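Participant: What follows is final_24.txt, made up of compact mmCIF, C-alpha atoms:
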```txt
# COMPACT_ATOMS: atom_id res chain seq x y z
CA MET Y 1 0.00 0.00 0.00
CA THR Y 2 2.79 2.47 0.80
CA SER Y 3 4.20 1.85 -2.65
CA PHE Y 4 0.77 2.61 -4.17
CA PHE Y 5 0.49 5.90 -2.26
CA ASN Y 6 4.06 6.77 -3.14
CA GLY Y 7 2.95 6.51 -6.76
CA VAL Y 8 -0.15 8.63 -6.12
CA ARG Y 9 1.98 11.33 -4.51
CA LYS Y 10 4.35 11.38 -7.49
CA SER Y 11 1.38 11.54 -9.89
CA ILE Y 12 0.11 14.91 -8.59
CA PRO Y 13 2.05 17.12 -11.03
CA ILE Y 14 1.10 14.73 -13.85
CA VAL Y 15 -2.57 14.98 -12.91
CA ILE Y 16 -2.55 18.79 -13.14
CA GLY Y 17 -0.80 18.73 -16.50
CA TYR Y 18 -3.13 16.04 -17.85
CA ILE Y 19 -6.32 17.86 -16.91
CA ALA Y 20 -5.08 20.93 -18.81
CA ALA Y 21 -3.87 18.95 -21.83
CA SER Y 22 -6.94 16.73 -22.17
CA PHE Y 23 -9.17 19.77 -21.62
CA ALA Y 24 -7.55 21.26 -24.72
CA PHE Y 25 -8.14 17.96 -26.54
CA GLY Y 26 -11.83 17.91 -25.53
CA VAL Y 27 -12.24 21.48 -26.74
CA PHE Y 28 -10.48 20.66 -30.01
CA CYS Y 29 -12.81 17.72 -30.61
CA CYS Y 30 -15.97 19.66 -29.91
CA THR Y 31 -15.01 22.74 -31.88
CA ASN Y 32 -14.56 20.35 -34.81
CA GLY Y 33 -17.90 18.61 -34.43
CA VAL Y 34 -16.73 15.47 -32.60
CA THR Y 35 -19.23 14.54 -29.88
CA PRO Y 36 -18.20 14.48 -26.19
CA LEU Y 37 -18.74 10.71 -26.07
CA VAL Y 38 -16.41 10.09 -29.02
CA SER Y 39 -13.77 12.42 -27.54
CA ILE Y 40 -13.91 10.48 -24.29
CA LEU Y 41 -13.68 7.15 -26.16
CA PHE Y 42 -10.51 8.40 -27.87
CA SER Y 43 -9.08 9.40 -24.51
CA ILE Y 44 -9.83 6.01 -22.90
CA THR Y 45 -8.48 3.95 -25.76
CA ASN Y 46 -5.44 6.06 -26.72
CA LEU Y 47 -4.30 7.81 -23.51
CA THR Y 48 -1.77 9.98 -25.34
CA SER Y 49 -2.02 13.59 -26.49
CA ALA Y 50 -0.14 13.77 -29.80
CA GLY Y 51 -1.33 10.35 -30.99
CA GLN Y 52 -5.02 10.77 -30.35
CA PHE Y 53 -4.95 14.32 -31.66
CA ALA Y 54 -3.48 13.03 -34.94
CA GLY Y 55 -6.09 10.26 -34.99
CA VAL Y 56 -8.98 12.71 -34.63
CA LYS Y 57 -7.46 15.23 -37.03
CA LEU Y 58 -7.05 12.55 -39.72
CA MET Y 59 -10.53 11.19 -39.06
CA LEU Y 60 -11.91 14.70 -39.67
CA GLU Y 61 -9.96 14.89 -42.91
CA ALA Y 62 -11.47 11.54 -43.95
CA ALA Y 63 -8.07 9.82 -44.11
CA SER Y 64 -7.94 6.07 -44.75
CA LEU Y 65 -7.69 3.59 -41.86
CA ILE Y 66 -4.17 2.62 -42.95
CA GLU Y 67 -3.04 6.27 -42.96
CA ILE Y 68 -4.48 6.76 -39.50
CA GLY Y 69 -2.96 3.55 -38.17
CA VAL Y 70 0.53 4.16 -39.56
CA THR Y 71 0.62 7.83 -38.51
CA VAL Y 72 -0.48 7.14 -34.95
CA LEU Y 73 1.88 4.17 -34.74
CA ILE Y 74 4.88 6.32 -35.72
CA ILE Y 75 3.90 8.97 -33.19
CA ASN Y 76 3.64 6.28 -30.52
CA LEU Y 77 6.88 4.45 -31.34
CA ARG Y 78 8.61 6.27 -28.50
CA TYR Y 79 6.49 4.30 -26.04
CA PHE Y 80 8.15 1.16 -27.33
CA LEU Y 81 11.52 2.49 -26.19
CA MET Y 82 10.12 3.63 -22.87
CA SER Y 83 8.56 0.24 -22.19
CA VAL Y 84 11.80 -1.49 -23.12
CA SER Y 85 13.70 0.46 -20.50
CA LEU Y 86 10.85 0.19 -17.99
CA SER Y 87 10.86 -3.60 -18.47
CA GLN Y 88 14.41 -3.68 -17.07
CA ARG Y 89 13.10 -2.22 -13.82
CA LEU Y 90 10.25 -4.68 -13.29
CA ASP Y 91 10.89 -7.73 -11.14
CA SER Y 92 10.83 -10.92 -13.25
CA SER Y 93 8.25 -12.42 -10.86
CA ILE Y 94 5.58 -9.93 -12.00
CA PRO Y 95 2.92 -11.90 -13.92
CA THR Y 96 1.95 -11.15 -17.51
CA TRP Y 97 -1.53 -9.84 -16.67
CA LYS Y 98 -0.05 -7.17 -14.40
CA ARG Y 99 2.44 -6.24 -17.11
CA MET Y 100 -0.47 -5.87 -19.53
CA LEU Y 101 -2.18 -3.45 -17.15
CA ILE Y 102 1.01 -1.45 -16.56
CA GLY Y 103 1.46 -1.24 -20.35
CA TYR Y 104 -1.81 0.65 -20.67
CA GLY Y 105 -0.48 3.56 -18.64
CA VAL Y 106 3.02 4.04 -20.03
CA THR Y 107 2.94 7.72 -20.99
CA ASP Y 108 5.81 10.20 -21.30
CA GLU Y 109 5.14 11.53 -17.82
CA ALA Y 110 4.47 8.18 -16.07
CA PHE Y 111 7.65 6.84 -17.63
CA SER Y 112 9.80 9.72 -16.47
CA VAL Y 113 8.51 9.36 -12.91
CA ALA Y 114 8.95 5.58 -12.85
CA ILE Y 115 12.42 5.58 -14.38
CA ASN Y 116 13.65 8.10 -11.81
CA GLU Y 117 12.71 5.77 -8.94
CA THR Y 118 15.78 4.47 -7.16
CA GLU Y 119 14.16 1.23 -6.05
CA ASN Y 120 12.63 -1.43 -8.27
CA VAL Y 121 9.33 -0.37 -9.80
CA THR Y 122 6.42 -2.36 -8.35
CA PRO Y 123 2.97 -2.89 -9.93
CA ALA Y 124 1.43 -1.08 -6.92
CA PHE Y 125 3.62 1.96 -7.53
CA MET Y 126 2.68 1.98 -11.22
CA ALA Y 127 -1.01 1.65 -10.30
CA GLY Y 128 -0.57 4.69 -8.03
CA ILE Y 129 0.52 6.70 -11.06
CA ILE Y 130 -1.64 5.17 -13.77
CA ILE Y 131 -5.02 5.33 -11.99
CA PRO Y 132 -4.84 9.08 -11.18
CA GLU Y 133 -3.35 9.94 -14.57
CA THR Y 134 -6.13 8.06 -16.39
CA ILE Y 135 -8.86 9.68 -14.27
CA ALA Y 136 -7.31 13.10 -14.91
CA TRP Y 137 -7.10 12.43 -18.64
CA LEU Y 138 -10.77 11.44 -18.85
CA LEU Y 139 -11.90 14.23 -16.52
CA GLY Y 140 -10.11 16.90 -18.56
CA THR Y 141 -11.48 15.53 -21.84
CA THR Y 142 -15.01 15.53 -20.42
CA LEU Y 143 -14.69 19.06 -19.01
CA GLY Y 144 -13.27 20.35 -22.29
CA ALA Y 145 -15.93 18.64 -24.37
CA PHE Y 146 -18.82 19.92 -22.27
CA ALA Y 147 -17.36 23.39 -21.69
CA SER Y 148 -17.38 23.69 -25.46
CA THR Y 149 -21.11 23.09 -25.61
CA VAL Y 150 -21.92 26.01 -23.27
CA LEU Y 151 -19.35 28.61 -24.37
CA PRO Y 152 -20.32 31.42 -26.77
CA ALA Y 153 -19.12 30.95 -30.36
CA ASN Y 154 -16.32 33.53 -30.31
CA VAL Y 155 -14.81 32.16 -27.08
CA LEU Y 156 -15.10 28.66 -28.48
CA ASN Y 157 -13.29 29.69 -31.64
CA ALA Y 158 -10.45 31.12 -29.56
CA CYS Y 159 -10.25 27.79 -27.67
CA GLY Y 160 -9.34 26.09 -30.95
CA ILE Y 161 -5.78 27.33 -30.52
CA ALA Y 162 -5.18 25.74 -27.09
CA LEU Y 163 -3.97 22.29 -28.15
CA TYR Y 164 -1.57 23.70 -30.74
CA ALA Y 165 -0.25 26.19 -28.18
CA MET Y 166 0.39 23.28 -25.81
CA PHE Y 167 2.32 21.43 -28.51
CA ILE Y 168 4.52 24.50 -29.01
CA ALA Y 169 5.12 24.57 -25.26
CA ILE Y 170 6.28 20.95 -25.49
CA PHE Y 171 8.63 21.11 -28.48
CA MET Y 172 10.06 24.65 -28.14
CA PRO Y 173 12.22 23.82 -25.08
CA ASN Y 174 13.71 20.92 -27.13
CA PHE Y 175 14.27 23.31 -30.03
CA VAL Y 176 16.18 25.70 -27.78
CA GLN Y 177 18.19 22.95 -26.13
CA SER Y 178 20.30 21.62 -29.04
CA THR Y 179 21.39 22.44 -32.58
CA PRO Y 180 20.53 18.97 -33.98
CA MET Y 181 17.02 19.33 -32.55
CA LYS Y 182 16.73 22.78 -34.17
CA ILE Y 183 17.72 21.34 -37.56
CA VAL Y 184 15.30 18.40 -37.23
CA ILE Y 185 12.40 20.67 -36.26
CA ILE Y 186 13.15 23.16 -39.05
CA ILE Y 187 13.22 20.33 -41.62
CA ALA Y 188 9.88 19.08 -40.28
CA LEU Y 189 8.48 22.62 -40.62
CA VAL Y 190 9.78 23.01 -44.19
CA PHE Y 191 7.81 19.86 -45.04
CA SER Y 192 4.63 20.90 -43.25
CA PHE Y 193 4.61 24.37 -44.86
CA SER Y 194 5.33 22.89 -48.29
CA PHE Y 195 2.51 20.38 -47.85
CA GLU Y 196 0.15 23.27 -47.09
CA TYR Y 197 1.16 25.92 -49.60
CA VAL Y 198 3.00 24.32 -52.54
CA PRO Y 199 0.58 23.43 -55.35
CA VAL Y 200 0.27 19.73 -56.30
CA VAL Y 201 2.26 18.69 -53.19
CA ASN Y 202 -0.55 20.03 -51.00
CA GLN Y 203 -2.92 17.45 -52.53
CA CYS Y 204 -1.03 14.72 -50.66
CA PRO Y 205 -3.22 12.75 -48.18
CA ALA Y 206 -3.21 14.24 -44.64
CA GLY Y 207 -1.68 11.18 -42.97
CA LEU Y 208 1.17 11.01 -45.46
CA LYS Y 209 1.91 14.69 -44.88
CA ILE Y 210 2.51 14.01 -41.20
CA ILE Y 211 4.42 10.78 -41.79
CA ILE Y 212 6.75 12.05 -44.54
CA GLY Y 213 7.72 15.25 -42.72
CA THR Y 214 8.26 13.46 -39.40
CA VAL Y 215 10.12 10.45 -40.75
CA VAL Y 216 12.44 12.41 -43.06
CA ALA Y 217 13.27 14.94 -40.32
CA ALA Y 218 13.87 12.23 -37.68
CA LEU Y 219 15.92 10.10 -40.13
CA ILE Y 220 18.17 13.05 -40.97
CA GLY Y 221 18.57 13.61 -37.22
CA ALA Y 222 19.40 9.94 -36.61
CA ILE Y 223 21.88 9.75 -39.51
CA PHE Y 224 23.76 13.01 -38.97
CA PHE Y 225 23.27 13.63 -35.26
CA PRO Y 226 22.97 10.26 -33.48
CA ILE Y 227 22.31 10.65 -29.77
CA LYS Y 228 25.10 9.94 -27.29
CA GLU Y 229 25.22 6.45 -25.84
CA ASP Y 230 24.38 6.36 -22.14
CA MET E 1 -18.94 1.98 -38.19
CA THR E 2 -15.77 3.61 -39.52
CA LEU E 3 -15.51 5.32 -36.15
CA VAL E 4 -15.38 1.96 -34.39
CA TYR E 5 -12.57 0.80 -36.69
CA ILE E 6 -10.66 4.04 -36.10
CA LEU E 7 -11.00 3.61 -32.33
CA ILE E 8 -9.85 -0.03 -32.52
CA ILE E 9 -6.87 0.77 -34.75
CA THR E 10 -5.73 3.81 -32.77
CA PHE E 11 -6.11 1.76 -29.59
CA LEU E 12 -3.96 -1.06 -30.99
CA VAL E 13 -1.19 1.26 -32.23
CA SER E 14 -1.24 3.08 -28.88
CA TYR E 15 -1.30 -0.04 -26.69
CA ILE E 16 0.89 -2.57 -28.52
CA PRO E 17 4.09 -0.45 -28.55
CA ARG E 18 3.67 0.06 -24.80
CA VAL E 19 2.80 -3.44 -23.74
CA LEU E 20 4.91 -5.61 -26.04
CA PRO E 21 8.28 -4.79 -24.45
CA LEU E 22 6.84 -5.30 -20.97
CA VAL E 23 5.59 -8.83 -21.68
CA LEU E 24 8.14 -10.02 -24.25
CA ILE E 25 11.37 -8.08 -24.44
CA ARG E 26 13.79 -8.41 -21.60
CA LYS E 27 16.80 -6.85 -23.31
CA PRO E 28 17.56 -3.16 -24.01
CA ILE E 29 17.59 -1.85 -27.59
CA LYS E 30 21.20 -1.68 -28.78
CA SER E 31 20.85 0.15 -32.08
CA ARG E 32 22.00 3.72 -31.67
CA PHE E 33 20.31 4.56 -34.97
CA ILE E 34 16.85 3.37 -33.85
CA LYS E 35 17.23 5.10 -30.49
CA SER E 36 18.20 8.34 -32.24
CA PHE E 37 15.31 8.12 -34.69
CA ILE E 38 12.78 7.61 -31.92
CA TYR E 39 14.38 10.42 -29.92
CA TYR E 40 13.69 12.93 -32.70
CA VAL E 41 10.16 11.79 -33.61
CA PRO E 42 8.08 13.55 -30.89
CA SER E 43 9.42 17.05 -31.55
CA ALA E 44 9.31 16.58 -35.33
CA VAL E 45 5.71 15.35 -35.28
CA LEU E 46 4.47 18.08 -32.93
CA ALA E 47 6.10 20.77 -35.08
CA THR E 48 4.61 19.24 -38.24
CA MET E 49 1.12 19.02 -36.80
CA THR E 50 1.19 22.49 -35.25
CA PHE E 51 2.42 24.63 -38.15
CA PRO E 52 0.81 25.98 -40.23
CA ALA E 53 -2.44 24.41 -38.89
CA ILE E 54 -2.41 26.71 -35.83
CA PHE E 55 -2.98 29.75 -38.11
CA TYR E 56 -6.37 28.35 -39.11
CA SER E 57 -7.37 27.07 -35.67
CA THR E 58 -9.56 29.96 -34.51
CA GLY E 59 -11.46 31.36 -37.49
CA ASN E 60 -9.43 34.58 -37.25
CA GLN E 61 -6.15 34.04 -39.03
CA MET E 62 -4.44 37.29 -38.00
CA ALA E 63 -5.33 36.83 -34.32
CA ALA E 64 -4.13 33.22 -34.46
CA MET E 65 -0.82 34.18 -36.09
CA ILE E 66 -0.08 36.88 -33.49
CA THR E 67 -1.06 34.49 -30.70
CA SER E 68 1.20 31.74 -32.03
CA ALA E 69 4.13 34.16 -32.30
CA ILE E 70 3.64 35.15 -28.65
CA VAL E 71 3.26 31.49 -27.63
CA VAL E 72 6.55 30.65 -29.38
CA VAL E 73 8.31 33.42 -27.44
CA LEU E 74 6.75 32.33 -24.11
CA SER E 75 7.72 28.68 -24.77
CA PHE E 76 11.22 29.81 -25.60
CA PHE E 77 11.41 31.05 -22.02
CA LYS E 78 9.99 27.73 -20.77
CA VAL E 79 6.65 29.04 -19.51
CA PRO E 80 4.80 25.84 -18.43
CA ALA E 81 2.32 24.24 -20.85
CA GLU E 82 -0.64 24.68 -18.46
CA ALA E 83 -0.10 28.45 -18.39
CA ILE E 84 0.45 28.56 -22.15
CA ILE E 85 -2.91 26.87 -22.76
CA VAL E 86 -4.79 29.53 -20.77
CA ILE E 87 -2.76 32.45 -22.15
CA SER E 88 -3.25 31.30 -25.75
CA ILE E 89 -7.05 31.12 -25.41
CA VAL E 90 -7.26 34.55 -23.78
CA LEU E 91 -4.94 36.13 -26.38
CA ALA E 92 -6.70 34.54 -29.34
CA PHE E 93 -10.04 35.74 -27.97
CA VAL E 94 -8.99 39.30 -27.11
CA LEU E 95 -7.05 39.77 -30.36
CA SER E 96 -10.01 38.51 -32.38
CA LEU E 97 -12.01 41.50 -31.06
CA PHE E 98 -9.49 43.93 -32.57
CA VAL E 99 -7.97 42.42 -35.71
```
Rewrite the coordinates I just gave you, this time as structure tokens.

Facilitator:
Amino acid sequence: MTSFFNGVRKSIPIVIGYIAASFAFGVFCCTNGVTPLVSILFSITNLTSAGQFAGVKLMLEAASLIEIGVTVLIINLRYFLMSVSLSQRLDSSIPTWKRMLIGYGVTDEAFSVAINETENVTPAFMAGIIIPETIAWLLGTTLGAFASTVLPANVLNACGIALYAMFIAIFMPNFVQSTPMKIVIIIALVFSFSFEYVPVVNQCPAGLKIIIGTVVAALIGAIFFPIKED
Amino acid sequence: MTLVYILIITFLVSYIPRVLPLVLIRKPIKSRFIKSFIYYVPSAVLATMTFPAIFYSTGNQMAAMITSAIVVVLSFFKVPAEAIIVISIVLAFVLSLFV
């Protein structure tokens, strides 16, 4: 039990951040005609901001299932790495069904908390993080979705910017931090602007636009600026 | 019906990458190339999805462009995301009354 409550205590900053982020997601969904129920279903099944945002965005642009699947998969590939390193910290006696439950809640924030633990990570500790973070994620989505239905049109329109603003708040500190990251982000931006404004190229399917820009930028980063081994 | 398929697919591509290593893989990834690629993906994808879409996110392009410029500056100085969310909505709203 102490390990569970230790997790809960560590989840408090995550909870605050998640309510704000998923609120922005709920608002985004509703300003684009997605019902509150569907927004909440996306939040339960995906539990990730960038991935589910891309999923909804592509759904609205009537992208194919394959486009949606591949795009969201690429966005979520980082979780694979996180789970690989988290798996090193789980005791080998932990049964598969508990591992399957822990897997549901591996998010950027839960991972960074868990990996900074000095002791071995227990299922109870992970539950202490994952349960509050999931509740916060669903609560924020619900609040955002329903707030959208009562706000006046001009306020609602202004709310459409929130999720994008949050994304800027996430990637800008990385941009500032290193030259390779600056180059990768600028390449990604060159692609996204070209896909919007260059004739012919801008007819490319929405999912491919995201995939091509992201993959080319990240590949150039990986080839020319490989990260330091730890 | 399409919606159900989209939910199932996005669930699978969100869940499988997280759970597979926990139940199957017991060794760390060695490839520096793969680690580097995955390291760059989140920032690249967020930048791609944000610009230029943010300019068209409020129905008032000028207000949205000014707001995004201010948000970029605030993020440069590491203002927390929660504050940025609130500030961006207020700015986009107030600016839309004037421009």

Participant: Rounded to one decimal in Å, what is the spacing between atom CA of E:Leu20 and atom CA of Y:Ser11?

Facilitator: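 Answer for the atom CA of E:Leu20 to atom CA of Y:Ser11 separation: 23.8 Å.
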
Participant: Restrict the distance test to all atoms listed in the file, flag each residue of chain E within 7 Å of chain Y, and return the flagged residues as number ranges by chain.

Facilitator: E: 6-7, 9-11, 13-15, 17-19, 21-23, 25-26, 28, 32-33, 36-38, 40-52, 54, 57-59, 68, 71-72, 75-76, 78, 80-82, 84-85, 88-89, 92-93

Participant: Quick one: axis-aligned box around all listed atoms of stretch 49-56 of chain E, 6 Å on every side, centre and edge lengths in Å to one decimal, written as AutoDock Vina command-line options.

Facilitator:
```
--center_x -2.0 --center_y 24.4 --center_z -37.7 --size_x 20.8 --size_y 22.7 --size_z 17.0
```

Participant: I'd like the interatomic distance between atom CA of Y:Lys10 and atom CA of Y:Phe146, to a tenth of an Å.

Facilitator: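 Computing the Euclidean distance for atom CA of Y:Lys10 and atom CA of Y:Phe146 yields 28.8 Å.
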
Participant: List the neighbours of Y:Gly128 out to 7 Å using only C-alpha atoms; skip same-chain residues closer than 6 positions along the sequence, and give me the result as a list of chain:residue names.

Facilitator: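 What passes the distance filter is Y:Phe4, Y:Phe5, Y:Gly7, Y:Val8.
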
Participant: To one decimal place in Å, what is the distance between atom CA of E:Ala63 and atom CA of E:Leu95?

Facilitator: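 One can read the atom CA of E:Ala63 to atom CA of E:Leu95 distance as 5.2 Å.
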
Participant: Using all atoms listed in the file, determine which residues lie at most 9 Å from Y:Cys30, disregarding the query and same-chain residues fewer than 6 positions distant; provide the list as a list in words.

Facilitator: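 What passes the distance filter is Pro36, Ser39, Gly144, Ala145, Phe146, Ser148 and Thr149 of chain Y.
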
Participant: Here is a test: counting only C-alpha atoms, which residue of E:Phe77, E:Phe98, E:Thr2, E:Met65 is nearest to E:Ala53?

Facilitator: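 Closest residue, counting only C-alpha atoms: E:Met65.
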
Participant: Go through E:Lys30, E:Val99, E:Tyr5, E:Val79 and flag the residue nearest E:Ala64, using only C-alpha atoms for the distances.

Facilitator: E:Val99

Participant: For stretch 197-208 of chain Y, where the input has fewer atoms than it should, I would like N, CA and C atoms rebuilt and written as a short mmCIF file (atom, residue, chain, number, x, y, z; two decimals), in the coordinates of the input.

Facilitator:
```cif
data_model
loop_
_atom_site.label_atom_id
_atom_site.label_comp_id
_atom_site.auth_asym_id
_atom_site.auth_seq_id
_atom_site.Cartn_x
_atom_site.Cartn_y
_atom_site.Cartn_z
N TYR Y 197 1.22 24.79 -48.68
CA TYR Y 197 1.16 25.92 -49.60
C TYR Y 197 1.69 25.65 -51.01
N VAL Y 198 2.47 24.58 -51.20
CA VAL Y 198 3.00 24.32 -52.54
C VAL Y 198 1.96 23.55 -53.37
N PRO Y 199 1.58 24.10 -54.53
CA PRO Y 199 0.58 23.43 -55.35
C PRO Y 199 1.02 22.00 -55.69
N VAL Y 200 0.07 21.15 -56.01
CA VAL Y 200 0.27 19.73 -56.30
C VAL Y 200 0.66 18.96 -55.03
N VAL Y 201 1.80 19.36 -54.41
CA VAL Y 201 2.26 18.69 -53.19
C VAL Y 201 1.18 18.75 -52.10
N ASN Y 202 0.44 19.89 -52.07
CA ASN Y 202 -0.55 20.03 -51.00
C ASN Y 202 -1.79 19.14 -51.21
N GLN Y 203 -1.83 18.40 -52.32
CA GLN Y 203 -2.92 17.45 -52.53
C GLN Y 203 -2.64 16.11 -51.86
N CYS Y 204 -1.45 15.95 -51.33
CA CYS Y 204 -1.03 14.72 -50.66
C CYS Y 204 -1.99 14.39 -49.50
N PRO Y 205 -2.32 13.11 -49.29
CA PRO Y 205 -3.22 12.75 -48.18
C PRO Y 205 -2.68 13.22 -46.82
N ALA Y 206 -3.59 13.62 -45.92
CA ALA Y 206 -3.21 14.24 -44.64
C ALA Y 206 -2.26 13.37 -43.80
N GLY Y 207 -2.52 12.07 -43.78
CA GLY Y 207 -1.68 11.18 -42.97
C GLY Y 207 -0.26 11.13 -43.51
N LEU Y 208 -0.16 11.04 -44.84
CA LEU Y 208 1.17 11.01 -45.46
C LEU Y 208 1.95 12.28 -45.19
#
```
